[in-house]
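Undergrad: So here's work-v1.csv, just CSV, C-alpha atoms and all ligand atoms:
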chain,number,residue,atom,x,y,z
Y,1,MET,CA,117.3,131.7,110.6
Y,2,GLN,CA,115.4,128.5,110.3
Y,3,ILE,CA,115.7,128.1,106.5
Y,4,ARG,CA,116.6,124.7,105.0
Y,5,ASP,CA,118.8,124.9,101.9
Y,6,GLY,CA,116.7,122.9,99.4
Y,7,PHE,CA,115.3,119.3,99.4
Y,8,VAL,CA,118.4,117.6,100.7
Y,9,ASP,CA,118.7,119.9,103.6
Y,10,ALA,CA,115.0,119.5,104.4
Y,11,VAL,CA,115.5,115.7,105.1
Y,12,GLY,CA,115.6,114.7,108.7
Y,13,ASN,CA,115.1,116.7,112.0
Y,14,THR,CA,111.6,115.3,112.2
Y,15,PRO,CA,109.6,115.7,115.4
Y,16,LEU,CA,109.0,113.0,118.0
Y,17,ILE,CA,105.2,112.7,118.6
Y,18,LYS,CA,103.9,111.3,121.9
Y,19,LEU,CA,101.4,108.6,121.1
Y,20,LYS,CA,98.5,109.1,123.6
Y,21,LYS,CA,96.7,105.8,123.5
Y,22,ALA,CA,99.8,103.6,123.4
Y,23,SER,CA,101.3,105.5,126.3
Y,24,GLU,CA,98.1,105.4,128.4
Y,25,GLU,CA,97.7,101.7,127.8
Y,26,THR,CA,101.2,100.8,128.9
Y,27,GLY,CA,102.2,103.4,131.5
Y,28,CYS,CA,105.2,104.2,129.4
Y,29,THR,CA,106.0,107.2,127.2
Y,30,ILE,CA,105.7,106.0,123.7
Y,31,LEU,CA,107.1,108.3,121.1
Y,32,GLY,CA,106.9,108.1,117.3
Y,33,LYS,CA,109.6,109.6,115.1
Y,34,ALA,CA,107.5,111.4,112.4
Y,35,GLU,CA,109.4,110.2,109.4
Y,36,PHE,CA,106.3,110.8,107.2
Y,37,LEU,CA,107.2,114.5,107.5
Y,38,ASN,CA,110.4,114.1,105.5
Y,39,PRO,CA,110.0,116.0,102.2
Y,40,GLY,CA,109.7,112.8,100.1
Y,41,GLY,CA,107.2,111.4,102.7
Y,42,SER,CA,109.2,108.6,104.3
Y,43,VAL,CA,112.1,107.5,106.5
Y,44,LYS,CA,113.8,106.4,103.3
Y,45,ASP,CA,114.6,110.0,102.3
Y,46,ARG,CA,117.5,109.7,104.8
Y,47,ALA,CA,119.0,106.7,103.1
Y,48,ALA,CA,118.5,108.2,99.6
Y,49,LYS,CA,120.2,111.5,100.7
Y,50,HIS,CA,123.2,109.8,102.1
Y,51,ILE,CA,123.6,107.2,99.3
Y,52,ILE,CA,123.7,110.1,96.8
Y,53,LEU,CA,125.9,112.5,98.8
Y,54,ASP,CA,128.4,109.7,99.7
Y,55,ALA,CA,128.6,108.7,96.0
Y,56,GLU,CA,129.2,112.3,95.0
Y,57,GLU,CA,131.9,112.6,97.6
Y,58,ARG,CA,133.6,109.4,96.2
Y,59,GLY,CA,133.3,110.8,92.7
Y,60,ASP,CA,130.9,108.0,91.6
Y,61,LEU,CA,128.2,110.3,90.2
Y,62,GLU,CA,128.6,112.8,87.5
Y,63,PRO,CA,126.0,115.4,86.3
Y,64,GLY,CA,123.3,113.7,84.3
Y,65,GLY,CA,124.3,110.3,85.7
Y,66,LEU,CA,121.7,107.5,86.1
Y,67,ILE,CA,120.8,106.1,89.5
Y,68,VAL,CA,119.4,102.5,89.4
Y,69,GLU,CA,117.7,100.9,92.3
Y,70,GLY,CA,115.3,98.0,93.3
Y,71,THR,CA,112.8,99.3,95.8
Y,72,ALA,CA,109.4,98.7,97.4
Y,73,GLY,CA,108.8,102.4,96.5
Y,74,ASN,CA,109.9,104.7,99.3
Y,75,THR,CA,113.6,104.6,98.6
Y,76,GLY,CA,112.9,105.1,94.9
Y,77,ILE,CA,110.8,108.2,95.7
Y,78,GLY,CA,113.6,109.6,97.9
Y,79,LEU,CA,116.2,108.9,95.3
Y,80,ALA,CA,114.1,110.3,92.5
Y,81,LEU,CA,113.6,113.6,94.4
Y,82,VAL,CA,117.2,114.0,95.4
Y,83,ALA,CA,118.1,113.2,91.8
Y,84,ASP,CA,115.7,115.9,90.6
Y,85,ALA,CA,117.3,118.4,93.0
Y,86,ARG,CA,120.9,117.5,92.1
Y,87,GLY,CA,120.7,116.8,88.3
Y,88,TYR,CA,120.6,113.0,88.0
Y,89,ARG,CA,118.1,110.6,86.5
Y,90,THR,CA,116.6,107.5,88.2
Y,91,LEU,CA,115.6,104.0,86.9
Y,92,ILE,CA,113.5,102.1,89.5
Y,93,ILE,CA,112.7,98.4,89.5
Y,94,ILE,CA,109.7,97.7,91.7
Y,95,PRO,CA,107.8,94.5,92.6
Y,96,GLU,CA,104.4,94.7,90.8
Y,97,THR,CA,102.6,94.0,94.1
Y,98,GLN,CA,103.5,97.3,95.6
Y,99,SER,CA,100.7,100.0,95.9
Y,100,GLN,CA,99.6,101.9,92.9
Y,101,GLU,CA,100.0,105.1,94.8
Y,102,LYS,CA,103.7,104.6,95.2
Y,103,LYS,CA,104.1,103.7,91.5
Y,104,ASP,CA,102.2,106.8,90.5
Y,105,MET,CA,104.3,108.9,92.8
Y,106,LEU,CA,107.5,107.5,91.4
Y,107,ARG,CA,106.5,108.3,87.8
Y,108,LEU,CA,105.4,111.8,89.0
Y,109,CYS,CA,108.8,112.3,90.5
Y,110,GLY,CA,110.4,111.6,87.1
Y,111,ALA,CA,111.7,108.1,87.8
Y,112,GLN,CA,111.6,105.6,84.9
Y,113,LEU,CA,109.7,102.7,86.4
Y,114,ARG,CA,110.0,99.0,85.6
Y,115,GLU,CA,107.6,96.7,87.3
Y,116,ASN,CA,108.9,93.2,88.1
Y,117,PRO,CA,107.1,90.0,89.1
Y,118,ALA,CA,107.1,89.6,92.9
Y,119,LEU,CA,109.5,86.6,93.2
Y,120,PRO,CA,111.5,85.4,96.2
Y,121,TYR,CA,115.0,86.6,96.7
Y,122,LYS,CA,116.5,83.2,95.8
Y,123,ASN,CA,114.9,83.5,92.3
Y,124,PRO,CA,117.5,85.2,90.0
Y,125,ASP,CA,114.7,87.3,88.6
Y,126,ASN,CA,113.8,88.8,92.0
Y,127,TYR,CA,113.7,92.6,91.7
Y,128,VAL,CA,116.9,93.2,93.7
Y,129,HIS,CA,118.9,90.9,91.3
Y,130,VAL,CA,117.2,92.5,88.3
Y,131,ALA,CA,118.2,96.0,89.5
Y,132,LYS,CA,121.8,95.0,90.0
Y,133,ARG,CA,122.0,93.3,86.5
Y,134,THR,CA,120.3,96.3,84.9
Y,135,ALA,CA,122.8,98.7,86.5
Y,136,GLU,CA,125.7,96.6,85.2
Y,137,GLU,CA,124.2,96.4,81.7
Y,138,LEU,CA,123.5,100.1,81.4
Y,139,ALA,CA,126.9,101.0,82.8
Y,140,LYS,CA,128.3,99.8,79.4
Y,141,THR,CA,126.4,102.3,77.4
Y,142,GLU,CA,125.3,105.3,79.7
Y,143,LYS,CA,127.3,108.4,78.7
Y,144,HIS,CA,127.3,109.9,82.2
Y,145,GLY,CA,127.7,106.7,84.2
Y,146,VAL,CA,125.5,104.6,86.4
Y,147,LEU,CA,125.2,104.4,90.2
Y,148,TYR,CA,123.7,101.2,91.6
Y,149,ALA,CA,122.3,102.6,94.8
Y,150,ASN,CA,122.0,99.1,96.5
Y,151,GLN,CA,120.3,100.2,99.7
Y,152,TRP,CA,120.6,96.6,101.0
Y,153,ASP,CA,124.3,96.4,101.2
Y,154,ASN,CA,125.4,100.0,100.8
Y,155,LEU,CA,126.4,101.2,104.3
Y,156,SER,CA,125.6,104.8,103.5
Y,157,ASN,CA,122.1,103.6,104.4
Y,158,ARG,CA,122.9,102.5,107.9
Y,159,ASN,CA,125.3,105.5,108.3
Y,160,ALA,CA,122.4,107.9,107.5
Y,161,HIS,CA,120.8,106.7,110.7
Y,162,ILE,CA,124.0,106.7,112.7
Y,163,ARG,CA,124.6,110.3,111.7
Y,164,SER,CA,121.0,111.6,111.9
Y,165,THR,CA,118.1,109.5,113.3
Y,166,GLY,CA,120.1,108.2,116.3
Y,167,PRO,CA,121.5,111.6,117.4
Y,168,GLU,CA,118.1,113.3,116.8
Y,169,ILE,CA,116.3,110.8,119.1
Y,170,TRP,CA,119.1,111.1,121.7
Y,171,GLU,CA,118.8,114.9,121.8
Y,172,GLN,CA,115.0,115.1,121.5
Y,173,THR,CA,114.6,112.8,124.6
Y,174,ASN,CA,117.5,114.4,126.5
Y,175,GLY,CA,119.0,111.0,126.8
Y,176,THR,CA,116.0,109.5,128.6
Y,177,VAL,CA,115.2,107.0,125.8
Y,178,ASP,CA,115.1,103.4,127.4
Y,179,GLY,CA,114.1,101.4,124.3
Y,180,PHE,CA,114.0,101.7,120.5
Y,181,ILE,CA,112.0,99.3,118.2
Y,182,CYS,CA,111.2,99.1,114.6
Y,183,ALA,CA,110.7,96.7,111.7
Y,184,VAL,CA,113.3,95.8,109.1
Y,185,GLY,CA,113.3,96.3,105.4
Y,186,THR,CA,117.0,96.8,104.5
Y,187,GLY,CA,117.7,97.1,108.2
Y,188,GLY,CA,119.3,100.5,107.9
Y,189,THR,CA,116.9,102.2,110.2
Y,190,LEU,CA,117.1,99.6,113.0
Y,191,ALA,CA,120.8,98.8,112.8
Y,192,GLY,CA,122.0,102.4,112.4
Y,193,THR,CA,119.8,103.9,115.1
Y,194,ALA,CA,120.5,101.1,117.5
Y,195,GLU,CA,124.3,101.5,116.9
Y,196,TYR,CA,124.2,105.2,117.8
Y,197,LEU,CA,121.9,104.8,120.8
Y,198,ARG,CA,124.0,101.9,122.2
Y,199,SER,CA,127.1,104.1,121.9
Y,200,LYS,CA,125.4,106.6,124.2
Y,201,LYS,CA,123.6,104.2,126.6
Y,202,LYS,CA,125.0,100.7,126.8
Y,203,ASP,CA,121.9,99.1,128.3
Y,204,ILE,CA,119.3,100.6,126.0
Y,205,VAL,CA,116.8,97.9,124.9
Y,206,ILE,CA,116.7,97.3,121.2
Y,207,GLY,CA,113.5,95.6,119.9
Y,208,LEU,CA,112.6,94.2,116.5
Y,209,ALA,CA,109.0,94.4,115.2
Y,210,ASP,CA,108.5,91.8,112.5
Y,211,PRO,CA,105.4,91.0,110.4
Y,212,MET,CA,103.9,87.6,111.4
Y,213,GLY,CA,105.9,84.7,110.0
Y,214,ALA,CA,108.7,86.8,108.5
Y,215,ALA,CA,112.3,85.6,108.8
Y,216,MET,CA,113.9,88.2,111.0
Y,217,PHE,CA,112.0,87.1,114.1
Y,218,ASN,CA,113.0,83.5,113.5
Y,219,TYR,CA,116.6,84.6,113.0
Y,220,PHE,CA,116.8,86.6,116.2
Y,221,THR,CA,115.1,83.9,118.3
Y,222,LYS,CA,116.3,80.7,116.7
Y,223,GLY,CA,119.1,81.6,114.4
Y,224,GLU,CA,117.1,80.5,111.4
Y,225,LEU,CA,116.2,82.5,108.4
Y,226,SER,CA,113.0,80.8,107.7
Y,227,SER,CA,109.7,82.4,106.9
Y,228,ASP,CA,106.1,81.1,106.5
Y,229,GLY,CA,104.0,84.2,106.7
Y,230,THR,CA,102.1,86.6,104.4
Y,231,SER,CA,101.5,90.1,105.5
Y,232,ILE,CA,99.9,93.1,103.7
Y,233,THR,CA,102.7,95.4,105.0
Y,234,GLU,CA,105.0,96.8,102.4
Y,235,GLY,CA,108.7,97.6,102.6
Y,236,ILE,CA,109.4,95.3,105.5
Y,237,GLY,CA,109.9,91.6,106.3
Y,238,GLN,CA,113.5,90.9,105.3
Y,239,GLY,CA,114.6,87.4,104.4
Y,240,ARG,CA,118.4,87.7,104.6
Y,241,ILE,CA,121.2,89.4,106.6
Y,242,THR,CA,121.8,92.4,104.4
Y,243,GLY,CA,125.1,94.3,104.6
Y,244,ASN,CA,123.3,96.9,106.7
Y,245,LEU,CA,122.0,94.3,109.2
Y,246,GLU,CA,125.4,92.7,109.8
Y,247,GLY,CA,126.5,92.8,113.4
Y,248,LEU,CA,123.1,93.9,114.7
Y,249,ALA,CA,122.1,92.4,118.1
Y,250,VAL,CA,118.4,92.5,119.0
Y,251,ASP,CA,117.4,92.3,122.7
Y,252,GLU,CA,113.6,91.9,122.2
Y,253,PRO,CA,112.2,90.5,119.0
Y,254,PHE,CA,108.4,90.5,118.5
Y,255,GLN,CA,106.2,89.4,115.7
Y,256,VAL,CA,103.0,91.3,114.9
Y,257,PRO,CA,100.1,89.8,112.8
Y,258,ASP,CA,98.1,92.1,110.5
Y,259,THR,CA,95.1,91.6,112.7
Y,260,GLU,CA,97.0,93.3,115.6
Y,261,TRP,CA,98.5,96.3,113.9
Y,262,LEU,CA,95.5,97.2,111.6
Y,263,PRO,CA,93.3,98.3,114.6
Y,264,VAL,CA,96.3,100.4,115.8
Y,265,CYS,CA,96.5,102.0,112.4
Y,266,PHE,CA,92.8,102.9,112.4
Y,267,ASP,CA,93.1,104.2,116.0
Y,268,LEU,CA,96.1,106.4,115.2
Y,269,LEU,CA,94.0,108.0,112.5
Y,270,LYS,CA,90.6,108.3,114.4
Y,271,HIS,CA,92.0,109.2,117.8
Y,272,GLU,CA,95.3,110.9,117.3
Y,273,GLY,CA,94.9,112.4,113.8
Y,274,LEU,CA,97.8,110.4,112.4
Y,275,LEU,CA,97.2,108.8,109.0
Y,276,MET,CA,99.9,106.2,108.9
Y,277,GLY,CA,101.2,103.4,106.6
Y,278,GLY,CA,101.2,99.8,107.7
Y,279,SER,CA,104.9,99.6,108.8
Y,280,ALA,CA,104.4,102.6,111.1
Y,281,ALA,CA,101.3,101.0,112.7
Y,282,LEU,CA,103.2,97.7,113.1
Y,283,ASN,CA,106.0,99.6,114.7
Y,284,VAL,CA,103.6,101.2,117.2
Y,285,MET,CA,102.2,97.8,118.1
Y,286,GLY,CA,105.8,96.6,118.5
Y,287,ALA,CA,106.5,99.5,120.9
Y,288,ILE,CA,103.4,98.5,122.9
Y,289,LYS,CA,104.6,95.0,123.2
Y,290,LEU,CA,108.1,96.2,124.2
Y,291,ALA,CA,106.6,98.6,126.8
Y,292,LYS,CA,104.5,95.8,128.3
Y,293,LYS,CA,107.6,93.6,128.6
Y,294,MET,CA,109.8,96.4,130.1
Y,295,GLY,CA,107.1,97.6,132.5
Y,296,PRO,CA,105.7,101.1,133.2
Y,297,GLY,CA,107.8,104.3,133.5
Y,298,HIS,CA,110.0,103.7,130.4
Y,299,THR,CA,110.5,105.9,127.4
Y,300,ILE,CA,110.2,104.0,124.2
Y,301,VAL,CA,110.8,105.4,120.7
Y,302,THR,CA,109.6,103.9,117.4
Y,303,VAL,CA,109.4,105.0,113.8
Y,304,LEU,CA,106.4,106.4,111.9
Y,305,CYS,CA,107.9,105.4,108.5
Y,306,ASP,CA,105.4,106.8,106.1
Y,307,GLY,CA,101.9,108.1,105.7
Y,308,GLY,CA,98.6,106.3,104.9
Y,309,GLN,CA,97.9,108.1,101.6
Y,310,ARG,CA,100.4,105.7,100.0
Y,311,TYR,CA,98.1,102.8,100.8
Y,312,GLN,CA,94.6,104.3,100.3
Y,313,SER,CA,93.8,101.6,97.7
Y,314,LYS,CA,94.9,98.9,100.1
Y,315,MET,CA,94.4,98.9,103.9
Y,316,PHE,CA,92.1,101.9,103.7
Y,317,ASN,CA,90.0,100.2,101.0
Y,318,PRO,CA,87.1,97.9,102.3
Y,319,GLU,CA,87.3,95.7,99.2
Y,320,PHE,CA,91.0,95.1,99.7
Y,321,LEU,CA,90.6,94.3,103.4
Y,322,LYS,CA,87.7,91.9,102.6
Y,323,SER,CA,89.8,90.1,99.9
Y,324,LYS,CA,92.4,89.4,102.6
Y,325,ASP,CA,89.8,88.3,105.2
Y,326,LEU,CA,90.7,91.3,107.4
Y,327,PRO,CA,88.0,93.2,109.4
Y,328,VAL,CA,86.7,96.4,107.9
Y,329,PRO,CA,86.0,99.2,110.5
Y,330,ASP,CA,82.4,100.7,110.5
Y,331,TRP,CA,83.5,104.2,109.4
Y,332,LEU,CA,85.6,103.1,106.4
D,401,LIG,N1,108.6,101.1,106.2
D,401,LIG,C1,108.4,101.4,104.9
D,401,LIG,C2,107.1,101.9,104.5
D,401,LIG,C3,109.5,101.2,104.0
D,401,LIG,O1,109.4,101.5,102.7
D,401,LIG,C4,110.8,100.7,104.5
D,401,LIG,C5,111.9,100.5,103.6
D,401,LIG,N2,111.7,99.6,102.6
D,401,LIG,C6,110.9,100.4,105.9
D,401,LIG,C7,109.8,100.6,106.7
D,401,LIG,C8,112.1,99.8,106.5
D,401,LIG,O2,113.2,100.7,106.5
D,401,LIG,P1,114.7,100.1,106.4
D,401,LIG,O3,115.0,99.8,105.0
D,401,LIG,O4,115.5,101.2,107.0
D,401,LIG,O5,114.8,98.8,107.2
Go through the file and emit its structure as structure tokens.

TA:
Amino acid sequence: MQIRDGFVDAVGNTPLIKLKKASEETGCTILGKAEFLNPGGSVKDRAAKHIILDAEERGDLEPGGLIVEGTAGNTGIGLALVADARGYRTLIIIPETQSQEKKDMLRLCGAQLRENPALPYKNPDNYVHVAKRTAEELAKTEKHGVLYANQWDNLSNRNAHIRSTGPEIWEQTNGTVDGFICAVGTGGTLAGTAEYLRSKKKDIVIGLADPMGAAMFNYFTKGELSSDGTSITEGIGQGRITGNLEGLAVDEPFQVPDTEWLPVCFDLLKHEGLLMGGSAALNVMGAIKLAKKMGPGHTIVTVLCDGGQRYQSKMFNPEFLKSKDLPVPDWL
């Protein structure tokens, strides 16, 4: 029987979708892992699931316990839904610049939401530091205990991809995958999937797709964590080596400006029926760059992280695009 046992069991085992235009353009087979089909709507359901299950196994969560996290939104949605399904509560600290849709969704899922000014990581009031401090403070008074999920440095995140995303891609491609590429938020998806795939195929090519001017590209090309870019993408563009990124080696780093991935995003919708978020489109553009570098005949997998509904007020909104000096397609 093909029955999944509740929300947690419904996370993962997402299909691989062949991306027609990207494959034709490059002579490669470019496949997108359909993470937007996870029950909470994003790749971060995997991290949320494993963070909570691992904490339960360690005895760090008791019924009615409070899970605290800083998140661009998707991890929070995953955590809130797993918490609903397993009897916990969630308190989410989110940078105020994230899309209204994700904030509304978090409240709908029962999370208590605190918006935080969007400050750089080195500022002590950056949302990640605020989340940690809030968890420590509340631990003194919460009757049923507090779990600080800490997706950045908690290795349950990377392990989620070593245990699930990597093996799924390997099996779904019958081991024919030649390259894997995606962007980095915490780095759990890229580092975990790369670790598993490399354990199966030593010479698999691992690519990084970074928003233009973000720090990871500079790190993997020059060893410097400097950044000088602004991108409308959300949830990606990491500025430090998180615990989950430690030890990751990248063979092919690329940077992708908003003006390159936006047309890909609109094409995915208009020509393939895929309504994708910005990081998914940026990943597909990264896969195209990797395919062109590797040459025709290769199989390259990337990640379709979440769906476009979460950004309707942003990159699917002409006013927003105009305010960022980005081109508006005729049909929008
Ligand atoms: N895309 C989106 C939309 C995200 O929310 C995130 C996570 N913040 C990522 C990509 C990156 O995933 P990871 O944290 O595994 O690097």

Undergrad: Could you list, as a list in words, all the residues within 6 Å of ligand LIG 401 (chain D), counting only C-alpha atoms and all ligand atoms?

TA: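 My answer, listing the contacting residues, is Ala72, Asn74, Val184, Gly185, Thr186, Gly187, Gly188, Thr189, Glu234, Gly235, Ile236, Ser279, Cys305 and Asp306 of chain Y.
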
Undergrad: Between atom CA of Glu246 of chain Y and atom CA of Gly40 of chain Y, what is the distance in Å, rounded to a tenth?

TA: 27.3 Å

Undergrad: Nearest residue to Val82 of chain Y out of Y:Val68, Y:Val8, Y:Leu282, Y:Leu31, using all atoms listed in the file?

TA: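 Ranked by minimum distance to Val82 of chain Y, first place goes to Y:Val8.
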
Undergrad: When you look at segment 224-228 of chain Y with a cut-off of 12 Å (counting all atoms listed in the file), what residues show up, excluding the ones that are within fewer than 2 positions of it in the same chain? I need them as an mmCIF file with C-alpha atoms, in the frame of the given file.

TA:
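Done, and the output landed in selection-v4.cif:
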data_model
loop_
_atom_site.group_PDB
_atom_site.id
_atom_site.type_symbol
_atom_site.label_atom_id
_atom_site.label_comp_id
_atom_site.auth_asym_id
_atom_site.auth_seq_id
_atom_site.Cartn_x
_atom_site.Cartn_y
_atom_site.Cartn_z
ATOM 1 C CA PRO Y 120 111.500 85.400 96.200
ATOM 2 C CA ASP Y 210 108.500 91.800 112.500
ATOM 3 C CA PRO Y 211 105.400 91.000 110.400
ATOM 4 C CA MET Y 212 103.900 87.600 111.400
ATOM 5 C CA GLY Y 213 105.900 84.700 110.000
ATOM 6 C CA ALA Y 214 108.700 86.800 108.500
ATOM 7 C CA ALA Y 215 112.300 85.600 108.800
ATOM 8 C CA MET Y 216 113.900 88.200 111.000
ATOM 9 C CA PHE Y 217 112.000 87.100 114.100
ATOM 10 C CA ASN Y 218 113.000 83.500 113.500
ATOM 11 C CA TYR Y 219 116.600 84.600 113.000
ATOM 12 C CA PHE Y 220 116.800 86.600 116.200
ATOM 13 C CA THR Y 221 115.100 83.900 118.300
ATOM 14 C CA LYS Y 222 116.300 80.700 116.700
ATOM 15 C CA THR Y 230 102.100 86.600 104.400
ATOM 16 C CA SER Y 231 101.500 90.100 105.500
ATOM 17 C CA GLY Y 237 109.900 91.600 106.300
ATOM 18 C CA GLN Y 238 113.500 90.900 105.300
ATOM 19 C CA GLY Y 239 114.600 87.400 104.400
ATOM 20 C CA ARG Y 240 118.400 87.700 104.600
ATOM 21 C CA ILE Y 241 121.200 89.400 106.600
ATOM 22 C CA GLN Y 255 106.200 89.400 115.700
#

Undergrad: Record the distance separating atom CA of Gln172 of chain Y and atom CA of Val284 of chain Y, expressed in Å with one decimal.

TA: 18.5 Å

Undergrad: Hey, what's within 10 Å of segment 312-323 of chain Y if we count only C-alpha atoms and toss same-chain stuff fewer than 2 positions away? As number ranges by chain, please?

TA: Y: 98-101, 232-233, 262, 265-266, 277-278, 307-310, 325-330, 332

Undergrad: With C-alpha atoms retained, could you export that selection as a PDB file, in the coordinates of the input?

TA:
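Below is the file that was written, result04.pdb:
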ATOM      1  CA  GLN Y  98     103.500  97.300  95.600  1.00  0.00           C
ATOM      2  CA  SER Y  99     100.700 100.000  95.900  1.00  0.00           C
ATOM      3  CA  GLN Y 100      99.600 101.900  92.900  1.00  0.00           C
ATOM      4  CA  GLU Y 101     100.000 105.100  94.800  1.00  0.00           C
ATOM      5  CA  ILE Y 232      99.900  93.100 103.700  1.00  0.00           C
ATOM      6  CA  THR Y 233     102.700  95.400 105.000  1.00  0.00           C
ATOM      7  CA  LEU Y 262      95.500  97.200 111.600  1.00  0.00           C
ATOM      8  CA  CYS Y 265      96.500 102.000 112.400  1.00  0.00           C
ATOM      9  CA  PHE Y 266      92.800 102.900 112.400  1.00  0.00           C
ATOM     10  CA  GLY Y 277     101.200 103.400 106.600  1.00  0.00           C
ATOM     11  CA  GLY Y 278     101.200  99.800 107.700  1.00  0.00           C
ATOM     12  CA  GLY Y 307     101.900 108.100 105.700  1.00  0.00           C
ATOM     13  CA  GLY Y 308      98.600 106.300 104.900  1.00  0.00           C
ATOM     14  CA  GLN Y 309      97.900 108.100 101.600  1.00  0.00           C
ATOM     15  CA  ARG Y 310     100.400 105.700 100.000  1.00  0.00           C
ATOM     16  CA  ASP Y 325      89.800  88.300 105.200  1.00  0.00           C
ATOM     17  CA  LEU Y 326      90.700  91.300 107.400  1.00  0.00           C
ATOM     18  CA  PRO Y 327      88.000  93.200 109.400  1.00  0.00           C
ATOM     19  CA  VAL Y 328      86.700  96.400 107.900  1.00  0.00           C
ATOM     20  CA  PRO Y 329      86.000  99.200 110.500  1.00  0.00           C
ATOM     21  CA  ASP Y 330      82.400 100.700 110.500  1.00  0.00           C
ATOM     22  CA  LEU Y 332      85.600 103.100 106.400  1.00  0.00           C
TER      23      LEU Y 332
END

Undergrad: Given all atoms listed in the file as the basis, pick out the residue of Y:Thr242, Y:Met105, Y:His144, Y:Val43 nearest to Gly87 of chain Y.

TA: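 Of the candidates, the smallest distance to Gly87 of chain Y is held by Y:His144.
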
Undergrad: Using only C-alpha atoms, which residue out of Y:Leu53, Y:Ile206, Y:Val301, Y:Leu81 lies closest to Ile17 of chain Y?

TA: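 Ranked by minimum distance to Ile17 of chain Y, first place goes to Y:Val301.
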
Undergrad: With distances taken over all atoms listed in the file, which residue among Y:Ala48, Y:Leu274, Y:Leu37, Y:Ala281 lies nearest Trp152 of chain Y?

TA: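 Of Y:Ala48, Y:Leu274, Y:Leu37, Y:Ala281, the one nearest Trp152 of chain Y, counting all atoms listed in the file, is Y:Ala48.
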
Undergrad: At what distance in Å, to one decimal, does atom CA of Ile77 of chain Y lie from atom CA of Leu106 of chain Y?

TA: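 Taking atom CA of Leu106 of chain Y as the start and atom CA of Ile77 of chain Y as the end point, the length is 5.5 Å.
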
Undergrad: Quick one: residues within 6 Å of Tyr88 of chain Y, all atoms listed in the file, excluding same-chain residues fewer than 3 positions away - as a list in words?

TA: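 Residues near the query, excluding close chain neighbours: Gly64, Gly65, Leu66 and Ala83 of chain Y.
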
Undergrad: Write the residues you've just listed into a file as a JSON list (two decimals), in the coordinates of the input, and include C-alpha atoms for each of them.

TA:
[["chain", "number", "residue", "atom", "x", "y", "z"],
["Y", 64, "GLY", "CA", 123.30, 113.70, 84.30],
["Y", 65, "GLY", "CA", 124.30, 110.30, 85.70],
["Y", 66, "LEU", "CA", 121.70, 107.50, 86.10],
["Y", 83, "ALA", "CA", 118.10, 113.20, 91.80]]

Undergrad: Which one of Y:Asn38, Y:Asn13, Y:Thr299, Y:Asn244 sits closest to Asp153 of chain Y if you count only C-alpha atoms?

TA: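 Looking at the shortest contact to Asp153 of chain Y, the residue is Y:Asn244.
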
Undergrad: Edge lengths and centre in Å to one decimal, as AutoDock Vina command-line options, is what I'm after for the box along x, y and z that holds all listed atoms of segment 36-46 of chain Y once 3 Å is added on each side.

TA:
--center_x 111.9 --center_y 111.2 --center_z 103.8 --size_x 17.2 --size_y 15.6 --size_z 13.4

Undergrad: I need the residue nearest Ile30 of chain Y from this list: Y:Glu195, Y:Asp178, Y:Asp258, Y:Asp84. Use all atoms listed in the file for the distance.

TA: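 Closest to Ile30 of chain Y of all the choices is Y:Asp178.
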
Undergrad: So which residues touch Ala139 of chain Y within 10 Å, counting all atoms listed in the file, skipping near sequence neighbours fewer than 6 positions away, as a PyMOL selection string?

TA: chain Y and resi 66+133+145-148

Undergrad: Just the residues within 10 Å of segment 166-170 of chain Y, please, counting all atoms listed in the file, with nothing from its chain fewer than 4 positions along; format it as an MDAnalysis selection string.

TA: chainID Y and resid 12:16 31:33 159:162 174:177 180 189:190 192:201 301:302

Undergrad: Add whatever atoms are absent from segment 229-237 of chain Y to reach N, CA and C atoms, and provide the output as a PDB file, in the frame of the given file.

TA:
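What follows is the written file selection-v3.pdb:
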ATOM      1  N   GLY Y 229     105.092  83.315 106.471  1.00  0.00           N
ATOM      2  CA  GLY Y 229     104.000  84.200 106.700  1.00  0.00           C
ATOM      3  C   GLY Y 229     103.650  85.040 105.442  1.00  0.00           C
ATOM      4  N   THR Y 230     102.431  85.566 105.400  1.00  0.00           N
ATOM      5  CA  THR Y 230     102.100  86.600 104.400  1.00  0.00           C
ATOM      6  C   THR Y 230     101.511  87.738 105.145  1.00  0.00           C
ATOM      7  N   SER Y 231     101.935  88.938 104.796  1.00  0.00           N
ATOM      8  CA  SER Y 231     101.500  90.100 105.500  1.00  0.00           C
ATOM      9  C   SER Y 231     101.130  91.165 104.411  1.00  0.00           C
ATOM     10  N   ILE Y 232     100.179  92.055 104.714  1.00  0.00           N
ATOM     11  CA  ILE Y 232      99.900  93.100 103.700  1.00  0.00           C
ATOM     12  C   ILE Y 232     100.798  94.306 103.881  1.00  0.00           C
ATOM     13  N   THR Y 233     101.734  94.256 104.838  1.00  0.00           N
ATOM     14  CA  THR Y 233     102.700  95.400 105.000  1.00  0.00           C
ATOM     15  C   THR Y 233     103.563  95.452 103.743  1.00  0.00           C
ATOM     16  N   GLU Y 234     104.068  96.652 103.485  1.00  0.00           N
ATOM     17  CA  GLU Y 234     105.000  96.800 102.400  1.00  0.00           C
ATOM     18  C   GLU Y 234     106.290  97.426 102.862  1.00  0.00           C
ATOM     19  N   GLY Y 235     107.394  96.986 102.255  1.00  0.00           N
ATOM     20  CA  GLY Y 235     108.700  97.600 102.600  1.00  0.00           C
ATOM     21  C   GLY Y 235     109.407  96.959 103.745  1.00  0.00           C
ATOM     22  N   ILE Y 236     108.767  95.988 104.395  1.00  0.00           N
ATOM     23  CA  ILE Y 236     109.400  95.300 105.500  1.00  0.00           C
ATOM     24  C   ILE Y 236     109.218  93.814 105.445  1.00  0.00           C
ATOM     25  N   GLY Y 237     109.937  93.079 106.306  1.00  0.00           N
ATOM     26  CA  GLY Y 237     109.900  91.600 106.300  1.00  0.00           C
ATOM     27  C   GLY Y 237     111.048  91.063 105.480  1.00  0.00           C
TER      28      GLY Y 237
END
